[in-house]
$ cat structure.txt   # compact mmCIF, C-alpha atoms and all ligand atoms
# COMPACT_ATOMS: atom_id res chain seq x y z
CA MET D 1 142.25 182.20 313.22
CA LYS D 2 140.03 182.58 310.18
CA PHE D 3 140.93 181.05 306.81
CA GLY D 4 142.60 184.00 305.06
CA THR D 5 144.78 184.75 308.08
CA LYS D 6 145.78 181.10 308.33
CA ALA D 7 146.61 180.98 304.61
CA ILE D 8 149.09 183.81 305.08
CA HIS D 9 150.45 183.11 308.57
CA ALA D 10 149.80 179.58 309.86
CA GLY D 11 153.08 177.76 310.51
CA ILE D 12 155.06 180.64 309.02
CA GLU D 13 157.56 182.63 311.11
CA PRO D 14 160.03 185.23 309.85
CA ASP D 15 163.45 183.66 309.20
CA PRO D 16 165.25 183.60 312.59
CA THR D 17 168.65 184.57 311.18
CA THR D 18 167.67 187.54 308.99
CA GLY D 19 164.04 188.36 309.70
CA ALA D 20 163.11 187.63 306.06
CA ILE D 21 159.31 187.58 305.99
CA MET D 22 159.23 185.01 303.18
CA THR D 23 160.23 181.44 304.04
CA PRO D 24 163.73 180.87 302.60
CA ILE D 25 164.29 178.19 299.97
CA TYR D 26 166.64 175.79 301.72
CA GLN D 27 168.26 174.46 298.56
CA THR D 28 170.48 171.90 300.21
CA SER D 29 170.81 168.14 300.16
CA THR D 30 172.51 167.76 303.54
CA TYR D 31 173.14 169.54 306.85
CA VAL D 32 176.43 169.83 308.71
CA GLN D 33 176.58 167.97 312.01
CA GLU D 34 178.70 169.03 314.99
CA SER D 35 179.62 165.48 315.81
CA PRO D 36 178.04 162.25 314.56
CA GLY D 37 174.33 162.40 315.37
CA LYS D 38 174.56 165.85 317.02
CA HIS D 39 172.59 168.22 314.79
CA LYS D 40 169.80 170.78 314.73
CA GLY D 41 167.09 168.28 313.74
CA TYR D 42 168.09 168.12 310.09
CA GLU D 43 170.25 165.36 308.62
CA TYR D 44 169.45 164.82 304.95
CA ALA D 45 166.96 166.65 302.74
CA ARG D 46 164.86 163.67 301.69
CA THR D 47 164.08 163.21 305.38
CA GLN D 48 163.65 166.85 306.47
CA ASN D 49 163.74 170.23 304.76
CA PRO D 50 162.81 173.50 306.53
CA THR D 51 160.94 174.96 303.52
CA ARG D 52 158.93 171.76 303.24
CA ASN D 53 158.22 171.69 306.98
CA VAL D 54 156.73 175.17 306.89
CA LEU D 55 154.49 174.22 303.95
CA GLN D 56 153.40 170.99 305.66
CA ASN D 57 152.41 172.87 308.82
CA ASN D 58 150.58 175.51 306.80
CA LEU D 59 148.62 172.85 304.87
CA ALA D 60 147.69 171.05 308.11
CA ALA D 61 146.28 174.31 309.48
CA LEU D 62 144.23 174.96 306.32
CA GLU D 63 142.59 171.53 306.61
CA ASN D 64 142.11 171.80 310.39
CA GLY D 65 144.35 168.75 310.83
CA LYS D 66 147.32 167.91 313.03
CA HIS D 67 149.74 166.57 310.45
CA GLY D 68 150.56 167.67 306.89
CA ILE D 69 152.81 165.58 304.66
CA CYS D 70 153.84 166.60 301.13
CA TYR D 71 154.78 164.43 298.19
CA SER D 72 156.21 165.10 294.76
CA SER D 73 152.75 164.88 293.12
CA GLY D 74 149.14 164.15 293.95
CA LEU D 75 149.70 160.60 292.77
CA GLY D 76 152.79 160.41 294.99
CA ALA D 77 150.45 161.16 297.91
CA THR D 78 147.97 158.53 296.73
CA ASP D 79 150.82 156.03 296.35
CA ALA D 80 151.85 156.65 299.98
CA ILE D 81 148.29 156.13 301.28
CA LEU D 82 147.91 152.85 299.36
CA LYS D 83 151.23 151.64 300.81
CA LEU D 84 149.57 151.61 304.26
CA PHE D 85 147.90 148.34 303.21
CA LYS D 86 148.86 144.70 302.72
CA PRO D 87 147.97 142.08 300.11
CA GLY D 88 144.40 140.90 300.70
CA ASP D 89 143.27 144.22 302.15
CA GLU D 90 140.24 145.61 300.38
CA ILE D 91 139.58 149.21 299.37
CA ILE D 92 136.20 150.50 298.25
CA ALA D 93 136.48 153.46 295.91
CA SER D 94 133.83 155.50 294.19
CA ASN D 95 133.28 154.50 290.56
CA ASP D 96 133.76 158.10 289.44
CA LEU D 97 137.44 158.73 290.24
CA TYR D 98 140.21 160.84 288.76
CA GLY D 99 141.68 158.64 286.01
CA GLY D 100 145.18 158.56 287.50
CA THR D 101 143.81 157.39 290.85
CA TYR D 102 141.92 154.56 289.15
CA ARG D 103 145.07 153.66 287.18
CA ILE D 104 147.43 153.44 290.17
CA MET D 105 144.87 151.32 292.02
CA VAL D 106 144.21 148.86 289.21
CA ARG D 107 147.49 148.79 287.29
CA VAL D 108 149.94 149.07 290.20
CA PHE D 109 148.51 148.10 293.59
CA GLN D 110 146.13 145.41 292.36
CA GLU D 111 149.22 143.69 290.94
CA PHE D 112 150.65 143.70 294.47
CA GLY D 113 147.55 142.00 295.89
CA LEU D 114 145.42 144.87 297.15
CA LYS D 115 141.75 144.43 296.25
CA PHE D 116 139.65 147.25 294.85
CA ASN D 117 135.90 147.46 294.57
CA PHE D 118 134.53 150.41 292.58
CA VAL D 119 131.07 151.32 293.79
CA ASP D 120 128.54 154.09 293.19
CA LEU D 121 129.01 156.09 296.38
CA SER D 122 126.80 159.03 295.49
CA ASP D 123 124.93 158.08 298.64
CA GLY D 124 125.70 155.54 301.37
CA THR D 125 123.20 152.84 300.39
CA LYS D 126 125.53 150.78 298.17
CA LEU D 127 128.47 151.18 300.53
CA GLU D 128 127.02 149.07 303.36
CA ALA D 129 126.49 146.15 300.99
CA ALA D 130 130.04 146.38 299.62
CA ILE D 131 131.85 146.26 302.98
CA THR D 132 133.47 142.91 303.87
CA PRO D 133 135.66 141.87 306.81
CA ALA D 134 138.69 142.65 304.59
CA THR D 135 137.62 146.23 303.84
CA LYS D 136 140.14 148.67 305.27
CA MET D 137 139.44 151.93 303.52
CA VAL D 138 136.91 153.92 301.49
CA TRP D 139 138.17 156.43 298.92
CA ILE D 140 135.99 159.22 297.59
CA GLU D 141 136.30 162.39 295.58
CA THR D 142 133.82 165.28 295.77
CA PRO D 143 132.94 167.17 293.65
CA THR D 144 133.81 164.66 290.93
CA ASN D 145 135.38 165.10 287.53
CA PRO D 146 133.98 166.11 285.05
CA LEU D 147 130.27 166.09 286.04
CA LEU D 148 130.75 167.80 289.42
CA ARG D 149 128.69 165.23 291.26
CA LEU D 150 128.62 165.48 295.03
CA VAL D 151 129.27 162.74 297.57
CA ASP D 152 127.84 163.14 301.07
CA ILE D 153 130.96 163.03 303.28
CA VAL D 154 129.04 163.02 306.58
CA ALA D 155 126.83 160.11 305.45
CA ILE D 156 129.78 158.05 304.19
CA ALA D 157 131.83 158.83 307.32
CA ALA D 158 129.00 157.63 309.56
CA ILE D 159 129.19 154.22 307.84
CA THR D 160 133.00 153.95 307.79
CA LYS D 161 133.19 154.89 311.51
CA GLN D 162 130.60 152.26 312.41
CA HIS D 163 132.69 149.61 310.63
CA GLY D 164 136.05 150.86 311.92
CA ILE D 165 137.43 151.57 308.45
CA GLN D 166 139.25 154.67 307.22
CA LEU D 167 137.76 157.29 304.94
CA VAL D 168 139.97 159.18 302.48
CA VAL D 169 138.65 162.23 300.65
CA ASP D 170 140.43 163.64 297.60
CA ASN D 171 139.69 167.33 298.22
CA THR D 172 141.45 168.67 295.10
CA PHE D 173 138.39 170.14 293.32
CA ALA D 174 137.03 171.97 296.38
CA SER D 175 140.31 173.10 297.99
CA PRO D 176 140.41 173.61 301.77
CA TYR D 177 138.86 177.04 301.29
CA LEU D 178 135.53 175.47 300.31
CA GLN D 179 135.53 172.15 302.14
CA ASN D 180 137.30 170.55 305.11
CA PRO D 181 136.66 166.77 305.01
CA LEU D 182 138.31 166.10 308.40
CA ASP D 183 135.67 168.31 310.05
CA LEU D 184 132.99 166.25 308.27
CA GLY D 185 134.29 162.93 309.62
CA ALA D 186 136.98 161.85 307.12
CA ASP D 187 140.22 160.34 308.45
CA ILE D 188 142.58 161.43 305.68
CA VAL D 189 142.35 164.30 303.20
CA MET D 190 144.43 164.11 300.05
CA HIS D 191 145.26 166.93 297.60
CA SER D 192 146.75 167.37 294.21
CA VAL D 193 148.51 170.59 295.31
CA THR D 194 149.24 171.08 291.60
CA LYS D 195 145.74 172.53 291.21
CA TYR D 196 144.09 175.21 293.43
CA LEU D 197 146.59 175.15 296.30
CA GLY D 198 149.55 175.94 294.02
CA GLY D 199 147.15 177.89 291.85
CA HIS D 200 149.56 179.24 289.25
CA SER D 201 150.11 176.23 286.96
CA ASP D 202 153.81 176.17 287.82
CA THR D 203 154.24 173.20 290.19
CA VAL D 204 153.33 169.53 290.52
CA MET D 205 152.84 168.42 294.13
CA GLY D 206 150.64 166.37 296.43
CA ALA D 207 149.72 166.46 300.11
CA ILE D 208 148.00 164.50 302.84
CA VAL D 209 146.50 165.97 306.01
CA LEU D 210 145.28 163.87 308.92
CA ASN D 211 144.87 163.81 312.70
CA ASP D 212 145.87 160.28 313.69
CA ASP D 213 149.44 160.31 315.06
CA GLU D 214 150.26 156.70 314.26
CA THR D 215 149.08 156.84 310.63
CA ALA D 216 150.88 160.16 310.19
CA GLN D 217 154.08 158.56 311.42
CA ARG D 218 153.68 155.72 308.94
CA LEU D 219 153.00 158.17 306.09
CA ALA D 220 156.05 160.25 307.01
CA PHE D 221 158.07 157.02 307.11
CA ILE D 222 156.83 156.19 303.58
CA GLN D 223 157.66 159.75 302.45
CA ASN D 224 161.27 159.21 303.50
CA ALA D 225 161.59 155.50 302.75
CA CYS D 226 160.10 155.68 299.25
CA GLY D 227 161.42 159.14 298.47
CA ALA D 228 158.61 160.93 296.58
CA VAL D 229 159.44 164.30 298.16
CA PRO D 230 158.87 167.74 296.64
CA GLY D 231 161.88 170.04 296.19
CA PRO D 232 162.34 173.20 298.25
CA GLN D 233 161.79 175.52 295.27
CA ASP D 234 158.39 173.92 294.64
CA CYS D 235 157.53 174.18 298.34
CA PHE D 236 158.31 177.89 298.18
CA LEU D 237 156.13 178.37 295.09
CA VAL D 238 153.21 176.62 296.79
CA LEU D 239 153.67 178.62 300.01
CA ARG D 240 153.52 181.75 297.89
CA GLY D 241 150.50 180.47 295.97
CA ILE D 242 148.58 179.65 299.16
CA LYS D 243 148.91 183.24 300.43
CA THR D 244 146.21 184.22 297.91
CA LEU D 245 144.17 181.00 297.98
CA HIS D 246 141.14 182.60 299.66
CA VAL D 247 141.15 185.59 297.30
CA ARG D 248 141.59 183.41 294.23
CA MET D 249 138.88 180.96 295.30
CA GLN D 250 136.38 183.76 295.85
CA ARG D 251 136.94 184.95 292.29
CA HIS D 252 136.95 181.40 290.87
CA CYS D 253 133.54 180.85 292.49
CA GLU D 254 132.08 184.18 291.35
CA ASN D 255 133.29 183.73 287.78
CA ALA D 256 132.16 180.11 287.53
CA GLN D 257 128.69 181.00 288.84
CA LYS D 258 128.31 183.71 286.19
CA VAL D 259 129.67 181.50 283.42
CA ALA D 260 127.32 178.67 284.47
CA GLU D 261 124.31 180.99 284.48
CA TYR D 262 125.29 182.36 281.07
CA LEU D 263 125.69 178.88 279.58
CA GLN D 264 122.45 177.64 281.11
CA GLN D 265 120.39 180.11 279.08
CA HIS D 266 122.40 179.60 275.86
CA PRO D 267 120.20 178.16 273.06
CA LYS D 268 122.98 175.82 271.84
CA VAL D 269 123.72 174.38 275.28
CA SER D 270 121.66 171.44 276.49
CA GLN D 271 122.99 171.02 280.01
CA VAL D 272 125.30 172.71 282.51
CA HIS D 273 126.87 170.80 285.39
CA TYR D 274 127.71 173.22 288.20
CA PRO D 275 126.89 172.71 291.90
CA GLY D 276 125.99 176.41 292.20
CA LEU D 277 122.96 176.02 289.91
CA PRO D 278 119.73 175.14 291.74
CA SER D 279 119.02 172.65 288.91
CA HIS D 280 122.21 170.68 289.71
CA ILE D 281 121.62 167.33 291.38
CA GLY D 282 124.11 168.09 294.15
CA HIS D 283 123.09 171.70 294.83
CA GLU D 284 121.51 171.15 298.26
CA LEU D 285 124.33 168.89 299.44
CA ALA D 286 126.90 171.40 298.18
CA LYS D 287 125.20 174.11 300.23
CA LYS D 288 125.49 171.84 303.27
CA GLN D 289 129.06 170.57 303.02
CA MET D 290 130.85 173.29 301.02
CA ARG D 291 131.27 177.02 301.63
CA GLY D 292 130.95 177.86 297.93
CA PHE D 293 130.55 176.02 294.66
CA GLY D 294 134.05 176.16 293.18
CA GLY D 295 135.60 177.06 289.85
CA MET D 296 134.95 173.86 287.89
CA LEU D 297 132.00 173.23 285.60
CA SER D 298 131.11 171.28 282.51
CA PHE D 299 128.46 171.70 279.84
CA GLU D 300 127.01 169.83 276.89
CA LEU D 301 126.25 171.21 273.46
CA LYS D 302 122.94 170.27 271.85
CA GLY D 303 123.12 167.44 269.34
CA ASP D 304 125.71 164.71 269.35
CA SER D 305 128.51 166.17 267.28
CA MET D 306 132.03 165.63 268.61
CA PRO D 307 133.50 167.78 265.78
CA GLU D 308 131.27 170.67 266.90
CA ALA D 309 132.61 170.41 270.47
CA VAL D 310 136.15 170.31 269.12
CA ARG D 311 135.45 173.33 266.89
CA VAL D 312 134.19 175.31 269.88
CA MET D 313 137.29 174.52 271.91
CA GLU D 314 139.60 175.38 269.01
CA SER D 315 137.84 178.74 268.67
CA PHE D 316 138.47 179.89 272.24
CA GLU D 317 140.88 182.78 272.62
CA VAL D 318 140.89 183.23 276.40
CA PHE D 319 140.21 179.63 277.47
CA SER D 320 143.27 177.48 276.67
CA LEU D 321 142.85 173.86 275.71
CA GLY D 322 144.82 171.84 278.23
CA GLU D 323 144.67 169.27 280.99
CA SER D 324 144.92 170.24 284.64
CA LEU D 325 142.84 172.85 286.48
CA GLY D 326 142.82 175.27 289.35
CA GLY D 327 145.24 177.84 287.95
CA VAL D 328 144.56 181.55 287.57
CA GLU D 329 144.07 181.11 283.82
CA SER D 330 140.93 179.56 282.33
CA LEU D 331 141.31 176.13 280.76
CA CYS D 332 139.04 173.79 278.84
CA THR D 333 139.22 170.06 278.21
CA HIS D 334 137.27 167.57 276.18
CA PRO D 335 136.79 164.53 278.47
CA ALA D 336 135.59 162.18 275.70
CA SER D 337 138.82 162.51 273.70
CA MET D 338 141.27 163.50 276.44
CA THR D 339 140.96 162.43 280.11
CA HIS D 340 138.32 159.72 279.57
CA ALA D 341 139.31 158.50 276.09
CA SER D 342 140.34 155.08 277.39
CA ILE D 343 136.78 154.32 278.54
CA PRO D 344 134.73 152.60 275.78
CA LYS D 345 132.16 154.96 274.24
CA GLU D 346 129.11 153.01 275.42
CA GLU D 347 130.39 152.93 279.00
CA ARG D 348 131.24 156.61 278.79
CA ILE D 349 127.78 157.64 277.58
CA LYS D 350 126.19 155.43 280.27
CA ASN D 351 128.15 157.42 282.86
CA GLY D 352 126.87 160.69 281.39
CA LEU D 353 130.05 161.66 279.49
CA LYS D 354 128.65 162.72 276.14
CA ASP D 355 130.84 163.49 273.12
CA THR D 356 129.79 167.15 273.31
CA LEU D 357 130.75 167.56 276.96
CA ILE D 358 133.27 170.36 277.57
CA ARG D 359 134.88 170.87 280.97
CA LEU D 360 135.95 174.34 282.07
CA SER D 361 138.37 175.34 284.80
CA VAL D 362 137.15 178.89 285.19
CA GLY D 363 140.08 181.19 285.97
CA ILE D 364 140.20 184.57 287.66
CA GLU D 365 140.28 186.78 284.56
CA ASP D 366 137.53 189.39 284.09
CA VAL D 367 134.37 187.38 283.70
CA GLU D 368 133.06 189.63 280.86
CA ASP D 369 135.99 188.44 278.72
CA LEU D 370 135.31 184.81 279.58
CA ILE D 371 131.64 185.10 278.64
CA GLN D 372 132.49 186.95 275.44
CA ASP D 373 134.94 184.16 274.56
CA LEU D 374 132.22 181.53 275.08
CA GLU D 375 129.69 183.56 273.13
CA ARG D 376 132.00 183.94 270.12
CA ALA D 377 133.18 180.30 270.17
CA ILE D 378 129.80 178.58 270.62
CA ASP D 379 128.04 180.77 268.07
C1 LIG Y 1 145.30 166.12 289.22
C2 LIG Y 1 144.53 165.29 290.17
C3 LIG Y 1 145.14 164.22 290.87
C4 LIG Y 1 146.57 163.82 290.62
O1 LIG Y 1 147.47 164.79 291.06
P1 LIG Y 1 148.89 165.06 290.35
O2 LIG Y 1 149.41 166.23 291.12
O3 LIG Y 1 148.64 165.33 288.91
O4 LIG Y 1 149.70 163.82 290.56
C5 LIG Y 1 144.37 163.52 291.77
N1 LIG Y 1 143.07 163.83 291.98
C6 LIG Y 1 142.46 164.83 291.33
C7 LIG Y 1 141.02 165.11 291.59
C8 LIG Y 1 143.16 165.59 290.40
O5 LIG Y 1 142.54 166.57 289.73
$ encode --input "structure.txt" --output "structure tokens"
Amino acid sequence: MKFGTKAIHAGIEPDPTTGAIMTPIYQTSTYVQESPGKHKGYEYARTQNPTRNVLQNNLAALENGKHGICYSSGLGATDAILKLFKPGDEIIASNDLYGGTYRIMVRVFQEFGLKFNFVDLSDGTKLEAAITPATKMVWIETPTNPLLRLVDIVAIAAITKQHGIQLVVDNTFASPYLQNPLDLGADIVMHSVTKYLGGHSDTVMGAIVLNDDETAQRLAFIQNACGAVPGPQDCFLVLRGIKTLHVRMQRHCENAQKVAEYLQQHPKVSQVHYPGLPSHIGHELAKKQMRGFGGMLSFELKGDSMPEAVRVMESFEVFSLGESLGGVESLCTHPASMTHASIPKEERIKNGLKDTLIRLSVGIEDVEDLIQDLERAID
């Protein structure tokens, strides 16, 4: 089955009792048993829920994996993966992670004795040197936030395989429509379903997809034992969102490409970070490991004026100022004062996060209106 057909049909059967084409919302906490232990495979809704099962199977199909497991947020999924490890185990993560991922690693799991080493993983050269006998896992994100840098999944996977360690890829920015890390050699793919998969800015959810039966069993055990499960209503919303994932992603990509090209020739813009531009450092790699360049981009205004960047964002009428991404509506954020404000300015600038950097989540509105909004605001 091709992607669009899978998005709409994989794992989804009409309801056996009524024929309802849409998966019912099984809003129940428990299931009646005939006699103790004799039941239809459902006992208690933290452990199993039919709406959630359908979504999990659909997500597994989209990532070409065997097992899908959903959690109450992207960080709930990350939490479950980190609980696979024991004190003393070492995890190498890229030094360019989503802030919440960095926070749960350093502020929560480091306290419990897991060791983290944050390394520049833009290519594999520094990874080899960082691996020790205690290294159990490598964690990457690609494209990264907010500079849309690419990490070579095949190259990193070749190294992790050789050393017998697991590779996790946070695939939130690309979505399974544009990139399937398991096919490129990753062991686990993680999603903030909140973003493109849900796609309508109405749900918070996370997911993991993987092939290994034993690890999947452990992750499902953690899902039930620790309890970070999504509710059936949210599972329904995401199932509905996914039915248009391929159509939405096509438009996100088209719009972002046009917006990036518009910004690139703007006299007040000094740099545009978008993998679809031939000038972008990750363009060739993106062509190799992705099927399109996505809906996220960032750009810098000329000069060094934070108030000017703020003024531009306050002037937008179509782009809304807000965190998150991947919804149908266009959003903008200011990394220096919002998502990356806790990083000291010097460190931030060293990592390429200037005060005039604006990140856009390009939505699926008419692109003429988006470009007009930018033109009016930047002017
Ligand atoms: C949002 C996000 C997360 C965290 O997911 P939540 O659903 O907000 O918990 C993790 N990684 C990336 C890349 C994200 O954008």
$ atom_distance --input "structure.txt" --atom1 "CA of Gly198 (chain D)" --atom2 "CA of Met313 (chain D)"
25.3 Å
$ closest_residue --input "structure.txt" --among "D:Met296, D:Ile242, D:Ile21, D:Ala130" --to "ligand LIG 1 (chain Y)" --atoms "all atoms listed in the file"
D:Met296
$ closest_atom_pairs --input "structure.txt" --of "chain D" --to "ligand LIG 1 (chain Y)" --cutoff "6 Å" --atoms "all atoms listed in the file" --output "tab-separated table"
residue	atom	partner	partner_atom	distance
D:Ser73	CA	Y:LIG1	O2	4.1
D:Gly74	CA	Y:LIG1	O1	3.4
D:Leu75	CA	Y:LIG1	O4	3.9
D:Tyr98	CA	Y:LIG1	C7	5.2
D:Thr172	CA	Y:LIG1	C7	5.0
D:Phe173	CA	Y:LIG1	C7	5.9
D:Ser192	CA	Y:LIG1	O1	4.1
D:Thr194	CA	Y:LIG1	O2	4.9
D:Val204	CA	Y:LIG1	O2	5.2
D:Met205	CA	Y:LIG1	O2	5.1
D:Gly206	CA	Y:LIG1	O2	5.5
$ atom_distance --input "structure.txt" --atom1 "CA of Asn224 (chain D)" --atom2 "CA of Pro50 (chain D)"
14.7 Å
$ closest_residue --input "structure.txt" --among "D:Val238, D:Leu150, D:Met22, D:Leu301" --to "Ala377 (chain D)" --atoms "only C-alpha atoms"
D:Leu301
$ atom_distance --input "structure.txt" --atom1 "CA of Leu357 (chain D)" --atom2 "CA of Leu331 (chain D)"
14.1 Å
$ closest_residue --input "structure.txt" --among "D:Ala186, D:Val119, D:Ile371, D:Met249" --to "His266 (chain D)" --atoms "only C-alpha atoms"
D:Ile371
$ closest_residue --input "structure.txt" --among "D:Val312, D:Leu97, D:Val362, D:Val189" --to "Ser330 (chain D)" --atoms "only C-alpha atoms"
D:Val362
$ closest_residue --input "structure.txt" --among "D:Ser324, D:Gln110, D:Thr125, D:Thr132" --to "Tyr196 (chain D)" --atoms "only C-alpha atoms"
D:Ser324
$ residues_around --input "structure.txt" --residues "region 337-353 of chain D" --least-positions-apart "4" --cutoff "12 Å" --atoms "all atoms listed in the file" --output "PyMOL selection string"
chain D and resi 95-100+102-103+120+145-149+271+273+298-301+304+306-307+309-310+321-324+332-333+357-359
$ closest_atom_pairs --input "structure.txt" --of "region 22-124 of chain D" --to "region 9-15 of chain D" --cutoff "8 Å" --atoms "all atoms listed in the file" --output "tab-separated table"
residue	atom	partner	partner_atom	distance
D:Met22	CA	D:Pro14	CA	6.7
D:Thr23	CA	D:Asp15	CA	6.5
D:Pro24	CA	D:Asp15	CA	7.2
D:Val54	CA	D:Gly11	CA	5.8
D:Leu55	CA	D:Gly11	CA	7.6
D:Asn57	CA	D:Gly11	CA	5.2
D:Asn58	CA	D:Gly11	CA	5.0
D:Ala61	CA	D:Ala10	CA	6.3
$ residues_around --input "structure.txt" --residues "Leu285 (chain D)" --least-positions-apart "5" --cutoff "9 Å" --atoms "all atoms listed in the file" --output "ChimeraX atom specification"
/D:150-152,275,290
$ residues_near_point --input "structure.txt" --point "(135.6, 143.1, 308.0)" --cutoff "9 Å" --atoms "all atoms listed in the file" --output "list in words"
Ile131, Thr132, Pro133, Ala134, Thr135, Lys136, His163, Gly164 and Ile165 of chain D
$ residues_around --input "structure.txt" --residues "Ala93 (chain D)" --least-positions-apart "2" --cutoff "7 Å" --atoms "only C-alpha atoms" --output "NGL selection string"
:D and (91 or 95 or 117-119 or 138-140)
$ closest_residue --input "structure.txt" --among "D:Ala129, D:Gly124, D:Arg218, D:Asp202" --to "Phe236 (chain D)" --atoms "all atoms listed in the file"
D:Asp202
